[in-house]
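Q: Input: one structure, supplied below.
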Amino acid sequence: HRPLPPMLPNGQEEQIIGKEVGKEENVNCNDEKMTKIEQKPQVVSIKNMVYVDVIIPVHNASNTIEEAVSSAMNQVLPPSFLEKEKMKFSRMDVAVCCYDDGSKDNSFDILKRLEEKYNDAHVIGQKLNEECTIVSRLLIDSAKNKDNKKTVGQSRGAGYARNRAASLRKKDNIDKDNHYFLCLLDSDDVMHPTRIVEQVTYMLSLDQNDCDRTLLGCKFVREPEDSTWHYTQWANGLSDERLHLEQFREITILQPTWMMSRKRFEELGGYIEAPQPQN
C-alpha cells in the first residue's frame, strides 16, 4: 500500500496536522473512572452524534492484537473535558474494525474470542461526566469467512486489509448529517486512552471544508524507549511549518496515528491494493 496522497485533485493543499495527545503505547485505562453496561447496539438519531471506525489490519499478530483491540475499545474522556464548553458531541459510536489478512497463527481465533467477550457493544458512561456517552463495538472478518476456503497464508497486504476493515460497519442507517471519521491503528500498537476523543474534538473545531480535507496525527512513544530514538525525536519535534514542507518528501505523521473524515477516504478511493496472488 501507499499513504493517501497529500494533494487534492484540484491542486489545493491537503491539511496535515500533528497534535500531541499523550503517549501512544501501552497505557491502561483507569477502571474506577468508568462503568460498563452491555446492551444491544441501536441506531439512533442524536444531536451531535459522532461515528468513528478504528481500522486495524491483522496479520500474524497473536502476541499483540488483544492489547491493541482493548486499547481502542476502552477509550475515555480526558479530565479536562469536564467543562461543558469543551464538549463538541453528546454521543460517540466507536466501531473497532479488524480484518485478518491470511494469518498463519491464531490471530483470528483471538479476534473471535474477543468478539464474544464484548458481545455486540458495551457502553462506557464515565462517572466524571454524564453529558457524554461512548459506545464501542468490535467488528471482525477474514478472507476465510467469504467462501469457507482455506486462505491461510495468502496475504493481500495491509492496504487490502485496511480497505476491508473500513467496509465492516453497515452504514445504511447512519444519518449523513452526523460526523464520521476513520482512525488508523496497527495490530502491534496501543492507543492512548483519550486519543479518539482528543482527535475528534480537534477535527470538530475546524470548519466543515477544512475538517473534510485534514489528515490529523499525534505524537508517539516507542517501546522500548530507545528504539529508533533519533527518528522519534525528529518526528515528534516537527513544527507546523516543517510538517507542511516535509509532506513533499514523505508523510511525516506516523500512519497508526492518523484520523481523517470517511468522506475524504472514500473520495480518494481508499488504499491501493496489491494484486491477488496467482496459483
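Chain identifiers are assigned as A, B, and so on, following the order in which chains appear in the C-alpha cells; residues are numbered from 1 within each chain, and ligands are numbered from 1 in order of appearance.
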I want to know what sits within 6 Å of region 193-210 of chain A, based on only C-alpha atoms, with residues of the same chain fewer than 3 positions away left out; could you give that as a count of residues only?
A: 7
Q: Might you pull out every residue within 10 Å of Cys98 (chain A), with only C-alpha atoms counted and same-chain residues fewer than 5 positions away left off, and present them as a PyMOL selection string?
A: chain A and resi 54-58+65+69+108+111+138-142+161-162+164-166+168+185-187
Q: Just asking: which residues within region 132-179 of chain A are strand (DSSP E) according to DSSP, as a PyMOL selection string?
A: chain A and resi 133-142+179
Q: So how far away is CA of Leu243 (chain A) from CA of Leu268 (chain A), in Å?
A: 21.2 Å
Q: Given only C-alpha atoms as the basis, pick out the residue of A:Ala95, A:Ile110, A:Ala274, A:Met259 nearest to Leu184 (chain A).
A: A:Met259
Q: What are the DSSP alpha helix (DSSP H) residues of region 144-230 of chain A, as a ChimeraX atom specification?
A: /A:144-147,158-166,195-204,208-213,229-230
